[in-house]
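As stored in work_32.cif (mmCIF, C-alpha atoms):
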data_entry
loop_
_atom_site.label_atom_id
_atom_site.label_comp_id
_atom_site.auth_asym_id
_atom_site.auth_seq_id
_atom_site.Cartn_x
_atom_site.Cartn_y
_atom_site.Cartn_z
CA MET G 1 80.90 67.65 -51.86
CA THR G 2 78.60 68.97 -49.20
CA ARG G 3 77.99 72.68 -48.90
CA SER G 4 77.13 72.27 -45.22
CA ALA G 5 80.78 71.40 -44.59
CA LEU G 6 81.49 75.08 -45.27
CA LEU G 7 79.17 76.03 -42.40
CA VAL G 8 81.03 73.67 -40.09
CA LEU G 9 84.42 75.02 -41.17
CA ALA G 10 83.43 78.70 -40.97
CA ASP G 11 81.53 78.40 -37.68
CA GLY G 12 83.03 80.51 -34.92
CA ARG G 13 82.56 77.48 -32.67
CA PHE G 14 84.88 75.35 -34.80
CA PRO G 15 87.50 74.48 -32.15
CA ALA G 16 90.64 75.81 -33.80
CA GLY G 17 91.85 78.39 -31.30
CA GLY G 18 90.49 81.50 -33.01
CA HIS G 19 88.52 82.65 -29.96
CA ALA G 20 91.72 83.79 -28.24
CA HIS G 21 92.69 86.13 -31.11
CA SER G 22 91.23 89.56 -31.85
CA GLY G 23 92.73 90.13 -35.30
CA GLY G 24 94.30 93.37 -34.14
CA ALA G 25 91.07 94.65 -32.59
CA GLU G 26 92.42 94.70 -29.02
CA ALA G 27 95.21 97.08 -30.02
CA ALA G 28 92.80 99.21 -32.05
CA VAL G 29 90.38 99.43 -29.12
CA ALA G 30 93.19 100.48 -26.79
CA ALA G 31 94.30 103.16 -29.26
CA GLY G 32 90.75 104.49 -29.52
CA ARG G 33 90.42 103.59 -33.20
CA ILE G 34 87.54 101.21 -32.49
CA ARG G 35 84.97 102.85 -30.21
CA ASP G 36 81.57 101.82 -31.54
CA ALA G 37 79.82 99.94 -34.35
CA ALA G 38 80.80 102.47 -37.02
CA THR G 39 84.50 102.35 -36.19
CA LEU G 40 84.32 98.55 -35.90
CA GLU G 41 82.88 98.46 -39.40
CA ALA G 42 85.68 100.68 -40.75
CA PHE G 43 88.29 98.47 -39.08
CA CYS G 44 86.74 95.28 -40.43
CA ARG G 45 86.41 96.73 -43.94
CA GLY G 46 90.07 97.69 -43.93
CA ARG G 47 91.16 94.29 -42.69
CA LEU G 48 88.91 92.46 -45.15
CA HIS G 49 90.31 94.18 -48.25
CA THR G 50 93.97 93.95 -47.17
CA THR G 51 95.17 90.99 -45.12
CA GLY G 52 91.74 89.39 -45.61
CA LEU G 53 92.12 89.28 -49.38
CA THR G 54 95.70 88.07 -49.14
CA SER G 55 94.77 85.27 -46.72
CA ALA G 56 91.64 84.32 -48.66
CA ALA G 57 93.71 83.94 -51.85
CA LEU G 58 96.28 81.77 -50.07
CA ALA G 59 93.48 79.56 -48.74
CA ALA G 60 91.73 79.38 -52.10
CA ALA G 61 95.05 78.47 -53.74
CA ALA G 62 95.59 75.66 -51.22
CA ALA G 63 92.06 74.40 -51.87
CA HIS G 64 92.80 74.60 -55.61
CA GLY G 65 95.69 72.20 -55.11
CA HIS G 66 98.78 74.42 -55.36
CA ASP G 67 101.84 73.12 -53.49
CA PRO G 68 101.20 74.01 -49.81
CA ALA G 69 104.93 74.40 -49.08
CA LYS G 70 105.18 77.04 -51.78
CA LEU G 71 102.06 78.71 -50.46
CA ASP G 72 103.50 78.72 -46.97
CA GLU G 73 106.56 80.54 -48.31
CA ALA G 74 104.26 82.99 -50.08
CA ALA G 75 102.42 83.57 -46.79
CA ASP G 76 105.71 84.25 -44.99
CA ALA G 77 106.68 86.76 -47.66
CA ARG G 78 103.33 88.50 -47.23
CA THR G 79 103.52 88.69 -43.41
CA PRO G 80 106.23 91.17 -42.39
CA SER G 81 105.40 91.11 -38.65
CA PRO G 82 107.21 88.29 -36.79
CA ALA G 83 104.44 88.32 -34.16
CA LEU G 84 101.79 87.76 -36.83
CA ARG G 85 103.87 85.04 -38.51
CA ALA G 86 104.10 83.25 -35.16
CA ALA G 87 100.36 83.70 -34.54
CA ALA G 88 99.52 82.41 -38.04
CA ARG G 89 101.63 79.28 -37.56
CA ARG G 90 100.22 78.65 -34.10
CA LEU G 91 96.67 79.02 -35.41
CA GLY G 92 97.58 76.83 -38.37
CA ARG G 93 98.73 74.07 -36.06
CA GLN G 94 95.58 74.38 -33.94
CA LEU G 95 93.38 74.32 -37.02
CA MET G 96 95.26 71.25 -38.26
CA ARG G 97 94.24 69.30 -35.17
CA ALA G 98 90.57 70.12 -35.59
CA ALA G 99 90.64 69.61 -39.36
CA ARG G 100 92.27 66.19 -39.13
CA ALA G 101 89.59 65.12 -36.69
CA ALA G 102 86.80 66.54 -38.86
CA TRP G 103 88.00 65.65 -42.37
CA PRO G 104 90.91 63.21 -42.13
CA GLY G 105 92.88 62.73 -45.32
CA PRO G 106 96.37 62.17 -46.74
CA GLU G 107 96.93 65.81 -47.78
CA LEU G 108 96.30 67.09 -44.25
CA ASP G 109 98.55 64.35 -42.86
CA ALA G 110 101.32 65.30 -45.29
CA LEU G 111 101.03 68.99 -44.45
CA ALA G 112 101.12 68.26 -40.71
CA GLN G 113 104.21 66.14 -41.21
CA ALA G 114 105.97 68.76 -43.32
CA PHE G 115 105.21 71.55 -40.81
CA PRO G 116 105.32 70.10 -37.29
CA LYS G 117 105.38 73.61 -35.82
CA GLY G 118 102.43 74.63 -37.96
CA ALA G 119 101.96 76.00 -41.47
CA HIS G 120 100.33 79.41 -41.99
CA GLN G 121 96.69 79.21 -40.98
CA PRO G 122 95.19 80.10 -44.43
CA VAL G 123 97.25 77.33 -46.05
CA VAL G 124 95.93 74.82 -43.52
CA LEU G 125 92.41 76.15 -43.95
CA GLY G 126 92.57 75.74 -47.72
CA THR G 127 93.91 72.21 -47.38
CA ALA G 128 91.17 71.43 -44.85
CA ALA G 129 88.54 72.78 -47.25
CA ARG G 130 89.99 70.54 -49.97
CA SER G 131 89.87 67.57 -47.63
CA ALA G 132 86.24 68.40 -46.86
CA GLY G 133 85.44 68.36 -50.57
CA LEU G 134 84.96 72.13 -50.73
CA ALA G 135 85.92 74.43 -53.60
CA PRO G 136 88.53 77.24 -53.63
CA LEU G 137 85.70 79.77 -53.54
CA ASP G 138 84.41 78.17 -50.32
CA ALA G 139 87.85 78.50 -48.72
CA GLY G 140 87.82 82.16 -49.76
CA TYR G 141 84.44 82.65 -48.09
CA ALA G 142 85.61 81.00 -44.89
CA VAL G 143 88.67 83.27 -44.64
CA ALA G 144 86.76 86.43 -45.59
CA TYR G 145 84.19 85.70 -42.90
CA GLU G 146 86.69 84.91 -40.14
CA THR G 147 88.70 88.02 -41.09
CA VAL G 148 85.82 90.19 -39.91
CA GLY G 149 84.02 87.80 -37.57
CA GLY G 150 87.03 87.47 -35.25
CA PRO G 151 87.45 91.21 -34.55
CA ALA G 152 83.67 91.70 -34.23
CA THR G 153 83.40 89.03 -31.52
CA ALA G 154 86.47 90.39 -29.77
CA VAL G 155 85.05 93.92 -29.71
CA VAL G 156 81.81 92.66 -28.18
CA ARG G 157 83.93 91.32 -25.32
CA LEU G 158 86.34 94.26 -25.12
CA LEU G 159 83.92 97.17 -25.34
CA GLY G 160 80.68 95.54 -24.28
CA LEU G 161 79.48 96.55 -27.73
CA ASP G 162 75.85 95.63 -28.39
CA PRO G 163 76.07 92.16 -30.01
CA PHE G 164 73.18 92.98 -32.35
CA GLN G 165 75.08 95.98 -33.68
CA ALA G 166 78.22 93.89 -34.11
CA THR G 167 76.28 91.27 -36.06
CA ALA G 168 74.67 93.97 -38.19
CA VAL G 169 78.19 95.16 -39.09
CA LEU G 170 78.97 91.67 -40.37
CA ALA G 171 75.73 91.55 -42.35
CA ARG G 172 76.49 94.91 -43.98
CA LEU G 173 79.92 93.64 -44.99
CA ALA G 174 78.50 90.47 -46.60
CA PRO G 175 78.55 91.76 -50.22
CA GLU G 176 82.18 92.82 -49.79
CA MET G 177 83.04 89.41 -48.31
CA ASP G 178 81.52 87.85 -51.44
CA ALA G 179 83.67 90.07 -53.64
CA VAL G 180 86.84 89.22 -51.70
CA ALA G 181 86.06 85.47 -51.87
CA GLU G 182 85.50 85.71 -55.63
CA ARG G 183 88.73 87.65 -56.19
CA ALA G 184 90.56 85.06 -54.08
CA ALA G 185 89.11 82.17 -56.08
CA ALA G 186 90.00 83.87 -59.36
CA ALA G 187 93.58 84.52 -58.19
CA ALA G 188 93.89 80.88 -57.09
CA ARG G 189 93.61 79.80 -60.73
CA GLY G 190 96.82 81.73 -61.52
CA PRO G 191 100.41 81.12 -60.41
CA VAL G 192 101.37 81.35 -56.73
CA ASP G 193 103.77 84.25 -57.31
CA GLU G 194 100.92 86.37 -58.60
CA LEU G 195 98.58 85.87 -55.62
CA PRO G 196 97.40 89.13 -54.02
CA ALA G 197 99.81 90.77 -51.58
CA ALA G 198 97.62 93.48 -50.08
CA SER G 199 98.74 94.47 -46.61
CA ALA G 200 97.76 96.74 -43.71
CA PRO G 201 100.97 98.25 -42.29
CA LEU G 202 99.23 99.62 -39.20
CA LEU G 203 98.02 96.11 -38.31
CA ASP G 204 101.60 94.86 -38.64
CA ILE G 205 102.95 97.66 -36.44
CA THR G 206 100.30 97.37 -33.72
CA ALA G 207 100.64 93.57 -33.72
CA GLU G 208 104.32 93.93 -32.85
CA ALA G 209 103.51 96.35 -30.02
CA HIS G 210 100.60 94.21 -28.77
CA ALA G 211 102.83 91.13 -28.53
CA GLY G 212 104.89 93.00 -25.94
CA TRP G 213 102.01 94.15 -23.74
CA PRO G 214 102.40 92.68 -20.23
CA VAL G 215 98.62 92.54 -19.76
CA ARG G 216 96.25 91.63 -22.57
CA LEU G 217 93.12 89.60 -23.09
CA PHE G 218 93.84 88.26 -26.57
CA ALA G 219 96.86 86.44 -27.96
CA SER G 220 96.93 88.71 -31.03
CA MET I 1 102.92 67.04 -32.30
CA HIS I 2 100.93 64.02 -33.30
CA LEU I 3 102.37 63.17 -36.64
CA HIS I 4 102.08 59.48 -36.91
CA HIS I 5 98.60 58.39 -36.09
CA SER I 6 96.40 56.93 -38.67
CA PRO I 7 93.80 59.36 -39.94
CA ASP I 8 91.01 56.99 -38.97
CA ALA I 9 91.71 57.51 -35.28
CA PRO I 10 90.53 61.04 -34.58
CA ALA I 11 90.47 60.47 -30.82
CA ALA I 12 94.24 60.35 -30.99
CA VAL I 13 94.35 64.09 -31.59
CA SER I 14 93.37 64.90 -28.02
CA ALA I 15 92.42 62.41 -25.35
CA ASP I 16 94.57 59.48 -26.44
CA ALA I 17 96.55 58.13 -23.50
CA HIS I 18 99.65 57.57 -25.60
CA ARG I 19 102.13 59.92 -27.19
CA PRO I 20 103.12 59.63 -30.85
CA ASP I 21 106.17 57.56 -29.91
CA GLY I 22 103.93 55.05 -28.10
CA SER I 23 104.90 56.04 -24.55
CA ARG I 24 102.17 56.77 -22.05
CA ARG I 25 101.57 60.50 -21.67
CA ALA I 26 101.40 62.42 -18.40
CA LEU I 27 98.26 62.41 -16.28
CA ARG I 28 96.47 65.76 -16.72
CA ILE I 29 94.49 67.19 -13.83
CA GLY I 30 92.45 70.38 -14.24
CA LEU I 31 91.79 72.86 -11.43
CA GLY I 32 88.82 75.18 -11.84
CA GLY I 33 86.74 77.40 -9.59
CA PRO I 34 85.71 80.98 -8.84
CA VAL I 35 88.16 83.88 -8.70
CA GLY I 36 90.10 84.06 -5.44
CA SER I 37 89.18 80.62 -4.13
CA GLY I 38 92.84 79.56 -4.00
CA LYS I 39 93.46 77.68 -7.25
CA THR I 40 96.94 79.12 -7.81
CA ALA I 41 97.89 78.72 -4.15
CA THR I 42 96.74 75.09 -4.32
CA VAL I 43 98.77 74.50 -7.48
CA ALA I 44 101.84 76.09 -5.85
CA ALA I 45 101.42 73.98 -2.71
CA LEU I 46 100.92 70.79 -4.76
CA CYS I 47 104.08 71.51 -6.72
CA ARG I 48 106.11 71.94 -3.53
CA GLU I 49 104.65 68.74 -2.08
CA LEU I 50 105.05 66.55 -5.18
CA ARG I 51 108.01 67.91 -7.13
CA ASP I 52 110.68 65.84 -5.36
CA LYS I 53 109.11 62.52 -6.34
CA LEU I 54 107.33 63.39 -9.59
CA SER I 55 108.15 65.11 -12.87
CA LEU I 56 105.66 68.00 -12.95
CA ALA I 57 104.52 70.84 -15.20
CA VAL I 58 101.78 73.48 -14.99
CA VAL I 59 99.62 75.22 -17.59
CA THR I 60 97.89 78.43 -16.47
CA ASN I 61 94.90 80.07 -18.17
CA ASP I 62 94.88 83.63 -16.98
CA ILE I 63 92.15 86.08 -17.74
CA TYR I 64 94.93 88.60 -17.92
CA THR I 65 97.97 87.02 -19.48
CA ARG I 66 100.61 85.52 -17.23
CA GLU I 67 99.50 86.79 -13.77
CA ASP I 68 99.17 83.29 -12.35
CA ALA I 69 102.20 82.01 -14.22
CA GLU I 70 104.24 84.84 -12.74
CA PHE I 71 102.97 84.08 -9.24
CA LEU I 72 104.23 80.50 -9.64
CA LEU I 73 107.54 81.77 -11.05
CA ARG I 74 108.04 84.32 -8.26
CA ASN I 75 107.45 81.64 -5.70
CA ALA I 76 109.84 79.37 -7.59
CA VAL I 77 107.65 76.29 -7.20
CA LEU I 78 108.93 74.92 -10.51
CA PRO I 79 111.64 75.92 -12.99
CA PRO I 80 110.26 78.43 -15.53
CA GLU I 81 110.43 76.00 -18.46
CA ARG I 82 107.87 73.81 -16.66
CA ILE I 83 105.23 76.56 -16.52
CA GLN I 84 103.26 77.65 -19.60
CA ALA I 85 100.63 80.37 -19.81
CA VAL I 86 97.74 80.14 -22.29
CA GLU I 87 95.81 83.22 -23.38
CA THR I 88 92.06 82.86 -23.34
CA GLY I 89 90.61 85.87 -25.18
CA ALA I 90 88.49 86.92 -22.20
CA CYS I 91 86.75 83.54 -22.14
CA PRO I 92 88.51 81.20 -19.70
CA HIS I 93 85.77 78.57 -19.83
CA THR I 94 86.00 78.40 -23.66
CA ALA I 95 89.70 77.57 -23.47
CA ILE I 96 89.17 74.62 -21.13
CA ARG I 97 85.92 73.26 -22.54
CA ASP I 98 84.65 74.40 -25.96
CA ASP I 99 87.92 75.02 -27.80
CA ILE I 100 90.76 73.31 -26.01
CA SER I 101 93.30 73.57 -28.83
CA ALA I 102 95.63 76.13 -27.19
CA ASN I 103 95.68 74.16 -23.94
CA LEU I 104 96.33 70.88 -25.75
CA GLU I 105 99.25 72.53 -27.53
CA ALA I 106 100.63 73.73 -24.22
CA VAL I 107 100.49 70.30 -22.57
CA GLU I 108 102.04 68.63 -25.60
CA GLU I 109 104.79 71.23 -25.83
CA LEU I 110 105.61 70.71 -22.17
CA GLU I 111 105.89 66.95 -22.71
CA ASP I 112 108.09 67.54 -25.76
CA THR I 113 110.41 70.09 -24.17
CA VAL I 114 110.72 69.08 -20.49
CA GLY I 115 109.31 65.54 -20.55
CA PRO I 116 108.96 62.79 -19.69
CA LEU I 117 106.35 64.09 -17.25
CA ASP I 118 104.26 62.23 -14.69
CA LEU I 119 101.70 64.94 -14.07
CA ILE I 120 100.51 68.18 -15.69
CA LEU I 121 98.28 70.50 -13.68
CA VAL I 122 96.03 72.68 -15.87
CA GLU I 123 94.75 75.65 -13.92
CA SER I 124 91.76 77.48 -15.39
CA GLY I 125 91.26 81.21 -15.16
CA GLY I 126 88.95 82.22 -12.33
CA ASP I 127 85.43 81.72 -13.62
CA ASN I 128 81.93 80.98 -12.47
CA LEU I 129 80.23 77.92 -11.07
CA THR I 130 79.45 76.46 -14.51
CA ALA I 131 83.07 76.06 -15.64
CA THR I 132 84.17 72.50 -16.31
CA PHE I 133 87.05 70.97 -18.24
CA SER I 134 86.66 68.99 -21.43
CA LYS I 135 87.49 65.29 -21.17
CA GLY I 136 89.59 65.86 -24.27
CA LEU I 137 91.92 68.03 -22.20
CA VAL I 138 92.12 66.55 -18.70
CA ASP I 139 91.76 63.10 -17.16
CA ALA I 140 90.38 64.37 -13.86
CA GLN I 141 89.27 67.71 -12.50
CA ILE I 142 89.31 69.47 -9.17
CA PHE I 143 86.87 72.27 -8.37
CA VAL I 144 88.12 74.74 -5.75
CA ILE I 145 85.73 76.91 -3.75
CA ASP I 146 86.35 78.65 -0.43
CA VAL I 147 84.39 79.28 2.72
CA ALA I 148 84.58 83.06 2.33
CA GLY I 149 82.74 82.92 -1.01
CA GLY I 150 79.58 82.03 0.91
CA ASP I 151 78.58 78.78 2.60
CA ASP I 152 75.63 78.39 0.23
CA ILE I 153 77.83 77.58 -2.81
CA PRO I 154 77.69 73.78 -2.35
CA ARG I 155 73.90 74.02 -2.07
CA LYS I 156 73.70 76.08 -5.27
CA GLY I 157 75.49 73.30 -7.11
CA GLY I 158 76.31 73.76 -10.80
CA PRO I 159 78.45 71.49 -12.96
CA GLY I 160 81.74 72.33 -11.18
CA VAL I 161 80.47 71.61 -7.66
CA THR I 162 78.34 68.65 -8.71
CA THR I 163 80.50 66.72 -11.16
CA ALA I 164 84.18 67.51 -10.43
CA ASP I 165 86.19 64.44 -9.48
CA LEU I 166 87.27 66.27 -6.33
CA LEU I 167 85.68 69.27 -4.61
CA ILE I 168 87.96 71.35 -2.40
CA VAL I 169 86.47 73.72 0.14
CA ASN I 170 89.43 75.95 0.88
CA LYS I 171 90.33 78.53 3.55
CA THR I 172 88.56 76.69 6.38
CA ASP I 173 90.65 78.80 8.80
CA LEU I 174 88.53 81.80 7.75
CA ALA I 175 85.19 80.15 8.54
CA PRO I 176 84.76 81.70 12.03
CA TYR I 177 85.51 85.17 10.67
CA VAL I 178 83.04 85.09 7.77
CA GLY I 179 80.29 83.16 9.55
CA SER I 180 80.45 80.10 7.30
CA ASP I 181 78.97 76.86 8.61
CA LEU I 182 81.38 74.08 7.56
CA GLU I 183 79.02 71.30 8.59
CA ARG I 184 76.30 72.75 6.44
CA MET I 185 78.72 73.01 3.52
CA ALA I 186 79.73 69.37 3.99
CA ARG I 187 76.08 68.26 4.17
CA ASP I 188 75.10 70.24 1.06
CA ALA I 189 78.15 68.99 -0.85
CA LYS I 190 77.30 65.39 0.04
CA GLU I 191 73.77 65.93 -1.20
CA GLN I 192 74.97 67.39 -4.51
CA ARG I 193 77.82 64.97 -5.11
CA GLY I 194 76.79 61.63 -3.64
CA ASP I 195 79.93 59.52 -3.30
CA LEU I 196 82.31 61.93 -5.05
CA PRO I 197 85.00 63.14 -2.62
CA VAL I 198 85.10 66.52 -0.86
CA LEU I 199 88.14 67.86 1.00
CA PHE I 200 88.17 70.77 3.45
CA THR I 201 91.55 72.48 3.35
CA SER I 202 93.44 75.30 4.95
CA LEU I 203 96.69 75.82 3.10
CA THR I 204 98.05 77.79 6.06
CA GLY I 205 97.04 75.09 8.56
CA PRO I 206 99.17 72.18 9.81
CA GLN I 207 97.86 69.71 7.19
CA GLY I 208 98.11 72.20 4.36
CA VAL I 209 97.67 70.65 0.93
CA ALA I 210 98.55 67.11 2.09
CA PRO I 211 95.03 65.61 1.66
CA VAL I 212 94.86 66.96 -1.90
CA ALA I 213 98.32 65.62 -2.66
CA ASP I 214 97.19 62.20 -1.42
CA TRP I 215 94.19 62.33 -3.75
CA VAL I 216 96.46 63.27 -6.67
CA ARG I 217 98.79 60.37 -5.85
CA GLY I 218 95.75 58.07 -5.91
CA GLN I 219 94.76 59.35 -9.36
CA LEU I 220 98.30 58.88 -10.57
CA ALA I 221 98.43 55.31 -9.25
CA ALA I 222 95.20 54.53 -11.10
CA TRP I 223 96.56 56.20 -14.29
CA THR I 224 99.86 54.34 -14.38
CA GLY I 225 98.58 51.11 -12.83
#
Would you write the structure of this file as structure tokens?
Amino acid sequence: MTRSALLVLADGRFPAGGHAHSGGAEAAVAAGRIRDAATLEAFCRGRLHTTGLTSAALAAAAAHGHDPAKLDEAADARTPSPALRAAARRLGRQLMRAARAAWPGPELDALAQAFPKGAHQPVVLGTAARSAGLAPLDAGYAVAYETVGGPATAVVRLLGLDPFQATAVLARLAPEMDAVAERAAAAARGPVDELPAASAPLLDITAEAHAGWPVRLFAS
Amino acid sequence: MHLHHSPDAPAAVSADAHRPDGSRRALRIGLGGPVGSGKTATVAALCRELRDKLSLAVVTNDIYTREDAEFLLRNAVLPPERIQAVETGACPHTAIRDDISANLEAVEELEDTVGPLDLILVESGGDNLTATFSKGLVDAQIFVIDVAGGDDIPRKGGPGVTTADLLIVNKTDLAPYVGSDLERMARDAKEQRGDLPVLFTSLTGPQGVAPVADWVRGQLAAWTG
């Protein structure tokens, strides 16, 4: 395995469609809940320990080799918002394209064939990590980082927030990202039914409202 | 969806000229250019001119979701199922160049749902002079500027003006009112582009979009030929 593959996979420039999604930040900015670096940090921390942990564990479990179809069901069960389920599948399909170009392999091919409309993004990410020769912990890191990196980038664009401050937020969250990745990797060694199911109800509610906005900059 | 290519052919995930079933896919032409230069009006006029002979679809990349798609719908240039809007997360140039995955999905979905198609027009969100399309997304690209944006734009150059397969200088009817020198624009464009074609258009004039439509037909003939 090559550890540098993790940098490629987790890079915000990895062409998998993530740049058009704010991870709920656009709705939070509009509601006044994200106004500056401090409120961005609070938002990211909340997302990291809830949906971030859940997604990281799903990805780590896929990288561990659990049945991706079962994991996809588990992801559905853990995503009550139809808008977020649709976004996760769309992002999963987009990630699949990039992953098959970067790390082609039979498991990615099989997953693409089983889910022509896209599997949940964390499941695809974990399978991609596996195809890249990465470990479940690496998949957990990738998800933990994108869980907070996506909203931070979006808020730089939405608020004109100082990019140095936004990056400092990510750096401050690094120890917590480590902890989430480790919890995800540990959970991946257990059965699928016992994977974490932490959720953020406000993110689910605002995602539903956001999907109906007539004018928005981000897809979710 | 591309389900059946061999994993050792990564090019097949984007720019491959064939669809998974082996048929030749539609020609994809991108239209980019600054805000307000007439990209959407050009797309609408092209649809009206070409839709009787060709099977067409359009992908729009709005900065604000769906504005351009709704303009095309309101003007009924194509049935709604042939128009798809892609959201760009405030970065229209990223969606057509650096991370083309959402746009690729849109063109493939259009081929799956309303195909077979001859031509898909991919309109970028209004951007700056550096915006260009990835070759993984489109087969040819048109850059649209207008005389009212300043007659020094061709001289300034930039990747769009310099390298697009076709440069359109639009709204020539406004030139006398905004003091733009069309000859100077033509001279500067020639200097920047060498032998690449430049068309001066006025969509409200007698010729309208016809010269652009002719260019598109030429591209299509080369694509299918």
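Of note, atom CA of I:Leu50 and atom CA of I:Pro34 are spaced 24.4 Å apart.
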Expansion of the PyMOL selection byres ((chain G) within 10 of (chain I)) into residues, as a PyMOL selection string
chain G and resi 13-22+26+90-91+93-106+108-118+154+157-158+213-220
Written file, previous selection with C-alpha atoms, as a compact mmCIF listing (two decimals), in the coordinates of the input:
# COMPACT_ATOMS: atom_id res chain seq x y z
CA ARG G 13 82.56 77.48 -32.67
CA PHE G 14 84.88 75.35 -34.80
CA PRO G 15 87.50 74.48 -32.15
CA ALA G 16 90.64 75.81 -33.80
CA GLY G 17 91.85 78.39 -31.30
CA GLY G 18 90.49 81.50 -33.01
CA HIS G 19 88.52 82.65 -29.96
CA ALA G 20 91.72 83.79 -28.24
CA HIS G 21 92.69 86.13 -31.11
CA SER G 22 91.23 89.56 -31.85
CA GLU G 26 92.42 94.70 -29.02
CA ARG G 90 100.22 78.65 -34.10
CA LEU G 91 96.67 79.02 -35.41
CA ARG G 93 98.73 74.07 -36.06
CA GLN G 94 95.58 74.38 -33.94
CA LEU G 95 93.38 74.32 -37.02
CA MET G 96 95.26 71.25 -38.26
CA ARG G 97 94.24 69.30 -35.17
CA ALA G 98 90.57 70.12 -35.59
CA ALA G 99 90.64 69.61 -39.36
CA ARG G 100 92.27 66.19 -39.13
CA ALA G 101 89.59 65.12 -36.69
CA ALA G 102 86.80 66.54 -38.86
CA TRP G 103 88.00 65.65 -42.37
CA PRO G 104 90.91 63.21 -42.13
CA GLY G 105 92.88 62.73 -45.32
CA PRO G 106 96.37 62.17 -46.74
CA LEU G 108 96.30 67.09 -44.25
CA ASP G 109 98.55 64.35 -42.86
CA ALA G 110 101.32 65.30 -45.29
CA LEU G 111 101.03 68.99 -44.45
CA ALA G 112 101.12 68.26 -40.71
CA GLN G 113 104.21 66.14 -41.21
CA ALA G 114 105.97 68.76 -43.32
CA PHE G 115 105.21 71.55 -40.81
CA PRO G 116 105.32 70.10 -37.29
CA LYS G 117 105.38 73.61 -35.82
CA GLY G 118 102.43 74.63 -37.96
CA ALA G 154 86.47 90.39 -29.77
CA ARG G 157 83.93 91.32 -25.32
CA LEU G 158 86.34 94.26 -25.12
CA TRP G 213 102.01 94.15 -23.74
CA PRO G 214 102.40 92.68 -20.23
CA VAL G 215 98.62 92.54 -19.76
CA ARG G 216 96.25 91.63 -22.57
CA LEU G 217 93.12 89.60 -23.09
CA PHE G 218 93.84 88.26 -26.57
CA ALA G 219 96.86 86.44 -27.96
CA SER G 220 96.93 88.71 -31.03
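The set of residues that the PyMOL selection byres ((chain I and resi 180-187) around 7) takes from this file is Val147, Gly150, Asp151, Pro154, Ala175, Pro176, Val178, Gly179, Asp188, Ala189, Lys190 and Glu191 of chain I.
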Same residues, C-alpha atoms, saved as an mmCIF file, in the frame of the given file:
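This went into part_5.cif:
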data_model
loop_
_atom_site.group_PDB
_atom_site.id
_atom_site.type_symbol
_atom_site.label_atom_id
_atom_site.label_comp_id
_atom_site.auth_asym_id
_atom_site.auth_seq_id
_atom_site.Cartn_x
_atom_site.Cartn_y
_atom_site.Cartn_z
ATOM 1 C CA VAL I 147 84.390 79.280 2.720
ATOM 2 C CA GLY I 150 79.580 82.030 0.910
ATOM 3 C CA ASP I 151 78.580 78.780 2.600
ATOM 4 C CA PRO I 154 77.690 73.780 -2.350
ATOM 5 C CA ALA I 175 85.190 80.150 8.540
ATOM 6 C CA PRO I 176 84.760 81.700 12.030
ATOM 7 C CA VAL I 178 83.040 85.090 7.770
ATOM 8 C CA GLY I 179 80.290 83.160 9.550
ATOM 9 C CA ASP I 188 75.100 70.240 1.060
ATOM 10 C CA ALA I 189 78.150 68.990 -0.850
ATOM 11 C CA LYS I 190 77.300 65.390 0.040
ATOM 12 C CA GLU I 191 73.770 65.930 -1.200
#
Decode the PyMOL selection byres ((chain I and resi 167) around 8) for the given file into explicit residues and return them as an MDAnalysis selection string.
chainID I and resid 142:145 161 164:166 168:169 197:199
Set up a box along x, y and z of the file covering all listed atoms of stretch 199-211 of chain I, add 3 Å on every one of the six sides, and write the centre and edge lengths in Å to one decimal, as JSON.
{"center_x": 93.7, "center_y": 71.7, "center_z": 5.4, "size_x": 17.0, "size_y": 18.2, "size_z": 14.9}
Set the distance at 12 Å and use all atoms listed in the file: which residues neighbour G:Ala10 once local chain neighbours fewer than 5 positions away are removed? I'd like the list as a list in words.
Arg3, Ser4, Ala5, Pro15, Ala16, Gly18, Leu95, Ala99, Leu125, Gly126, Ala128, Ala129, Leu134, Asp138, Ala139, Gly140, Tyr141, Ala142, Val143, Ala144, Tyr145, Glu146, Thr147, Val148, Gly149 and Gly150 of chain G
Scan for residues within 12 Å of the point (83.1, 92.7, -31.9) in the coordinates of the file, using all atoms listed in the file, and reply as a VMD selection string.
chain G and resid 19 21 to 26 28 to 29 34 to 41 43 to 44 146 to 170
Let me make sure I understand: among G:Ala198, G:Ala42, G:Leu137, G:Ala211, which one has the smallest atom-to-atom distance to G:Ser55 if we use all atoms listed in the file?
G:Ala198
If we count only C-alpha atoms, what is near I:Asp139 at a cut-off of 10 Å, once residues fewer than 2 positions away on the same chain are taken out, given as an NGL selection string?
:I and (15 or 17 or 26-30 or 133-137 or 141 or 165 or 219 or 223)
Take the residues just selected and output them with C-alpha atoms as a short mmCIF file (atom, residue, chain, number, x, y, z; two decimals), keeping the file's coordinate frame.
data_model
loop_
_atom_site.label_atom_id
_atom_site.label_comp_id
_atom_site.auth_asym_id
_atom_site.auth_seq_id
_atom_site.Cartn_x
_atom_site.Cartn_y
_atom_site.Cartn_z
CA ALA I 15 92.42 62.41 -25.35
CA ALA I 17 96.55 58.13 -23.50
CA ALA I 26 101.40 62.42 -18.40
CA LEU I 27 98.26 62.41 -16.28
CA ARG I 28 96.47 65.76 -16.72
CA ILE I 29 94.49 67.19 -13.83
CA GLY I 30 92.45 70.38 -14.24
CA PHE I 133 87.05 70.97 -18.24
CA SER I 134 86.66 68.99 -21.43
CA LYS I 135 87.49 65.29 -21.17
CA GLY I 136 89.59 65.86 -24.27
CA LEU I 137 91.92 68.03 -22.20
CA GLN I 141 89.27 67.71 -12.50
CA ASP I 165 86.19 64.44 -9.48
CA GLN I 219 94.76 59.35 -9.36
CA TRP I 223 96.56 56.20 -14.29
#
